[in-house]
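A.B. asks: So here's my_file19.txt (compact mmCIF, C-alpha atoms).
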```txt
# COMPACT_ATOMS: atom_id res chain seq x y z
CA MET A 224 93.83 107.77 94.26
CA THR A 225 94.91 105.90 91.22
CA VAL A 226 93.45 106.31 87.77
CA GLY A 227 92.28 102.72 87.88
CA LEU A 228 90.28 103.34 91.05
CA VAL A 229 88.67 106.48 89.65
CA ALA A 230 87.79 104.69 86.42
CA ALA A 231 86.37 101.70 88.31
CA VAL A 232 84.21 103.99 90.45
CA VAL A 233 82.98 105.75 87.28
CA PHE A 234 82.19 102.31 85.80
CA LEU A 235 80.27 101.36 88.96
CA GLY A 236 78.39 104.66 88.99
CA ALA A 237 77.43 104.15 85.37
CA GLN A 238 76.37 100.60 86.14
CA ILE A 239 74.11 101.78 88.97
CA LEU A 240 72.61 104.73 87.08
CA LEU A 241 72.18 103.02 83.73
CA ARG A 242 70.67 99.88 85.25
CA PHE A 243 67.50 101.73 86.07
CA PHE A 244 67.25 104.46 83.43
CA PHE A 245 68.38 103.12 80.06
CA GLU A 246 67.40 100.14 77.99
CA HIS A 247 70.43 99.77 75.69
CA LYS A 248 73.54 100.02 77.85
CA SER A 249 76.08 97.77 76.16
CA ARG A 250 77.28 100.56 73.85
CA ILE A 251 77.98 102.81 76.85
CA PHE A 252 79.92 100.09 78.68
CA ARG A 253 81.84 99.21 75.53
CA THR A 254 82.80 102.89 75.23
CA LEU A 255 83.78 103.05 78.91
CA PHE A 256 85.93 99.93 78.56
CA TRP A 257 87.82 101.19 75.49
CA LEU A 258 88.11 104.68 76.94
CA SER A 259 89.69 103.27 80.12
CA VAL A 260 92.14 101.25 78.02
CA ILE A 261 93.10 104.34 76.03
CA VAL A 262 93.48 106.48 79.16
CA ILE A 263 95.65 103.92 80.98
CA PHE A 264 97.95 103.45 77.99
CA ALA A 265 98.12 107.22 77.39
CA ILE A 266 99.19 107.72 81.00
CA GLN A 267 101.83 105.03 80.63
CA ALA A 268 103.06 106.72 77.42
CA TYR A 269 103.28 110.01 79.30
CA TRP A 270 105.42 108.41 82.03
CA MET A 271 107.67 106.85 79.37
CA ARG A 272 108.16 110.28 77.84
CA GLU A 273 108.91 111.80 81.23
CA GLN A 274 111.47 109.07 81.94
CA PHE A 275 113.16 109.71 78.61
CA LEU A 276 113.31 113.46 79.23
CA ALA A 277 114.62 112.95 82.77
CA TRP A 278 117.42 110.71 81.54
CA HIS A 279 118.17 112.86 78.50
CA GLY A 280 118.35 116.11 80.41
CA GLY A 281 119.73 114.69 83.63
CA GLY A 282 123.36 114.79 82.68
CA PRO A 283 125.86 112.00 83.22
CA PRO A 284 125.45 109.14 84.02
CA ALA A 285 121.69 109.16 83.24
CA SER A 286 122.14 110.78 79.83
CA TYR A 287 124.33 107.85 78.78
CA LEU A 288 121.24 105.59 78.90
CA VAL A 289 119.49 107.26 75.95
CA PRO A 290 120.49 108.21 72.41
CA PRO A 291 122.94 109.40 71.13
CA TYR A 292 125.09 107.51 73.66
CA ARG A 293 123.08 104.31 73.62
CA GLY A 294 120.70 102.82 71.08
CA PHE A 295 116.99 103.42 71.41
CA SER A 296 116.41 99.69 71.92
CA TYR A 297 117.69 99.92 75.51
CA PHE A 298 115.16 102.62 76.39
CA ALA A 299 112.39 100.76 74.51
CA LEU A 300 113.07 97.57 76.48
CA TYR A 301 113.29 99.50 79.74
CA SER A 302 110.01 101.29 78.98
CA PHE A 303 108.22 98.10 78.02
CA THR A 304 109.28 96.24 81.15
CA ASN A 305 108.66 99.14 83.53
CA PHE A 306 105.64 100.89 82.05
CA LEU A 307 103.82 98.68 79.56
CA ILE A 308 104.08 95.01 80.54
CA GLN A 309 101.54 95.18 83.38
CA PRO A 310 98.86 97.08 81.43
CA PHE A 311 99.37 94.75 78.45
CA LEU A 312 98.96 91.64 80.62
CA ALA A 313 95.84 93.06 82.25
CA PHE A 314 94.49 94.09 78.83
CA PHE A 315 95.02 90.66 77.30
CA ALA A 316 93.36 88.99 80.30
CA ALA A 317 90.42 91.40 80.03
CA LEU A 318 90.18 90.86 76.29
CA PHE A 319 90.20 87.08 76.80
CA VAL A 320 87.36 87.34 79.33
CA LEU A 321 85.46 89.76 77.08
CA LEU A 322 85.68 87.56 74.00
CA GLY A 323 85.06 84.38 75.99
CA ALA A 324 81.99 85.82 77.70
CA LYS A 325 80.58 87.12 74.42
CA PHE A 326 81.21 83.76 72.74
CA LEU A 327 79.56 81.79 75.56
CA ASN A 328 76.61 84.15 75.64
CA ARG A 329 76.10 83.87 71.90
CA LYS A 330 76.46 80.09 71.93
CA PHE A 331 74.05 79.57 74.84
CA GLN A 332 71.42 82.23 73.98
CA ASP A 333 72.42 84.85 76.62
CA ARG A 334 72.18 82.34 79.45
CA PHE A 335 75.31 83.37 81.35
CA PHE A 336 75.71 87.14 81.12
CA GLU A 337 73.58 90.18 80.56
CA LYS A 338 74.28 92.07 77.33
CA GLU A 339 76.64 94.65 78.86
CA GLU A 340 78.21 92.36 81.47
CA PRO A 341 81.18 91.18 79.33
CA TYR A 342 82.32 94.80 79.05
CA ILE A 343 81.78 95.36 82.76
CA ALA A 344 83.80 92.23 83.57
CA ALA A 345 86.57 93.16 81.13
CA GLY A 346 86.71 96.71 82.44
CA ALA A 347 86.83 95.53 86.04
CA LEU A 348 89.65 93.08 85.35
CA PHE A 349 91.64 95.54 83.27
CA LEU A 350 91.36 98.29 85.86
CA ALA A 351 92.44 95.90 88.63
CA GLY A 352 95.77 95.73 86.79
CA HIS A 353 98.29 92.94 86.80
CA PRO A 354 98.35 90.73 88.85
CA GLY A 355 95.19 92.21 90.41
CA TRP A 356 93.00 90.82 87.64
CA MET A 357 93.92 87.32 88.81
CA TYR A 358 92.84 88.09 92.36
CA ALA A 359 89.64 89.76 91.16
CA LEU A 360 88.75 86.87 88.86
CA ALA A 361 89.50 84.31 91.59
CA ALA A 362 87.36 86.26 94.07
CA VAL A 363 84.41 86.53 91.65
CA LEU A 364 84.55 82.82 90.84
CA SER A 365 84.97 81.86 94.50
CA ILE A 366 82.02 83.96 95.61
CA TYR A 367 79.96 82.57 92.75
CA LEU A 368 80.79 78.99 93.71
CA ILE A 369 80.01 79.61 97.39
CA ILE A 370 76.64 81.20 96.60
CA HIS A 371 75.80 78.57 93.98
CA THR A 372 76.71 75.68 96.29
CA SER A 373 74.82 77.19 99.23
CA LEU A 374 71.69 77.73 97.16
CA PHE A 375 71.92 74.22 95.77
CA ILE A 376 72.22 72.74 99.27
CA ILE A 377 69.34 74.85 100.62
CA HIS A 378 66.91 74.68 97.68
CA LYS A 379 68.06 71.40 96.07
CA GLN A 380 67.92 72.92 92.60
CA GLN A 381 70.18 74.76 90.19
CA LYS A 382 69.58 78.49 89.92
CA ARG A 383 71.16 81.10 87.66
CA ILE A 384 73.25 83.45 89.74
CA PRO A 385 74.19 86.67 87.95
CA LEU A 386 77.66 88.07 88.49
CA TYR A 387 76.55 91.50 87.27
CA TRP A 388 77.02 93.27 90.61
CA LEU A 389 80.19 91.41 91.67
CA TRP A 390 82.74 92.47 89.06
CA LEU A 391 83.25 96.13 89.90
CA PRO A 392 83.04 96.03 93.71
CA ILE A 393 85.61 93.24 93.77
CA SER A 394 87.83 95.12 91.34
CA ILE A 395 87.56 98.25 93.47
CA SER A 396 88.45 96.17 96.54
CA VAL A 397 91.52 94.79 94.81
CA ILE A 398 92.61 98.29 93.80
CA ILE A 399 92.12 99.58 97.35
CA PHE A 400 94.03 96.64 98.84
CA SER A 401 96.84 97.32 96.39
CA GLY A 402 97.01 100.83 97.81
CA LEU A 403 97.48 99.31 101.25
CA GLY A 404 100.66 97.56 100.21
CA PHE A 405 99.64 94.80 97.83
CA ASN A 406 100.98 95.69 94.38
CA PHE A 407 97.99 94.74 92.21
CA GLN A 408 97.54 97.58 89.71
CA PHE A 409 99.40 100.06 87.52
```
Output the file's structure in the form of structure tokens.
C.D. replies:
Amino acid sequence: MTVGLVAAVVFLGAQILLRFFFEHKSRIFRTLFWLSVIVIFAIQAYWMREQFLAWHGGGPPASYLVPPYRGFSYFALYSFTNFLIQPFLAFFAALFVLLGAKFLNRKFQDRFFEKEEPYIAAGALFLAGHPGWMYALAAVLSIYLIIHTSLFIIHKQQKRIPLYWLWLPISISVIIFSGLGFNFQF
């Protein structure tokens, strides 16, 4: 099990439990989102440290890849491209969705999302990883459009369709599919 899957399941459990028992949930989901970001980046920092120690103590030729034989910039670039680029891309995508959802909600008087939903969406996309967030976002939007179009054809009127319960199950599905061979997450 990956950390992203565990965190997404915790998010979903919190979403289910808090939906029925607490009135003000956005603070909890904001905390869960930022906590997941911190945990993922801390794990990546741990793996960077382990890589450095493996190269440093591994003897030649691996020890020639780290200081004092080579500048630290080589290891920094290696670490960024192998450990940090995917979490950063997923984080920036999640942050874009979070800020965009909060802006749209504020501008249109909470018409699109429930109060805590931007943090749920951002958490789901971040935990899906890169490029999993793209698949998760495309799946959520596709399902939304299918449901919206079907309801419009059947009822001949526009209805608000909440995405509240779609974000995390789709993110969990993307993470599970990545475990089956699709490389979607960290």
A.B. asks: Would you please work out which residue, of A:Phe244, A:Tyr301, A:Tyr367, A:Phe314, is nearest to Met271 of chain A when using all atoms listed in the file?
C.D. replies: A:Tyr301
A.B. asks: Residues at most 7 Å from segment 356-360 of chain A, counting only C-alpha atoms, excluding those fewer than 6 positions away in the same chain, as a PDB file with C-alpha atoms, keeping the file's coordinate frame?
C.D. replies:
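New file selection-v7.pdb:
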```pdb
ATOM      1  CA  ALA A 313      95.840  93.060  82.250  1.00  0.00           C
ATOM      2  CA  LEU A 348      89.650  93.080  85.350  1.00  0.00           C
ATOM      3  CA  PHE A 349      91.640  95.540  83.270  1.00  0.00           C
ATOM      4  CA  ILE A 393      85.610  93.240  93.770  1.00  0.00           C
ATOM      5  CA  SER A 394      87.830  95.120  91.340  1.00  0.00           C
ATOM      6  CA  VAL A 397      91.520  94.790  94.810  1.00  0.00           C
TER       7      VAL A 397
END
```
A.B. asks: Counting all atoms listed in the file, which of A:Ala285, A:Val260, A:Ala324, A:Leu240 gets nearest to Glu339 of chain A?
C.D. replies: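 Residue with the minimum atom-to-atom distance to Glu339 of chain A: A:Ala324.
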A.B. asks: Here is a test: counting all atoms listed in the file, which residue of A:Ala268, A:Leu228, A:Val363, A:Ala351 is nearest to Leu312 of chain A?
C.D. replies: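 Result for the nearest residue to Leu312 of chain A: A:Ala351.
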A.B. asks: Which of these, A:His353, A:Ile376, A:His371, A:Ser259, has the shortest distance to Ile398 of chain A once you count all atoms listed in the file?
C.D. replies: A:His353
A.B. asks: Go ahead and compute the interatomic distance for atom CA of Ile399 of chain A and atom CA of Thr225 of chain A, in Å to one decimal.
C.D. replies: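 Those two atoms sit 9.2 Å apart.
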A.B. asks: Given all atoms listed in the file as the basis, pick out the residue of A:Ile266, A:Ser396, A:Gly323, A:Leu368 nearest to Ala345 of chain A.
C.D. replies: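 Closest to Ala345 of chain A of all the choices is A:Gly323.
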A.B. asks: Would you mind telling me which residue in A:Gly227, A:Phe264, A:Phe336, A:Thr372 lies nearest to Phe311 of chain A when using all atoms listed in the file?
C.D. replies: A:Phe264
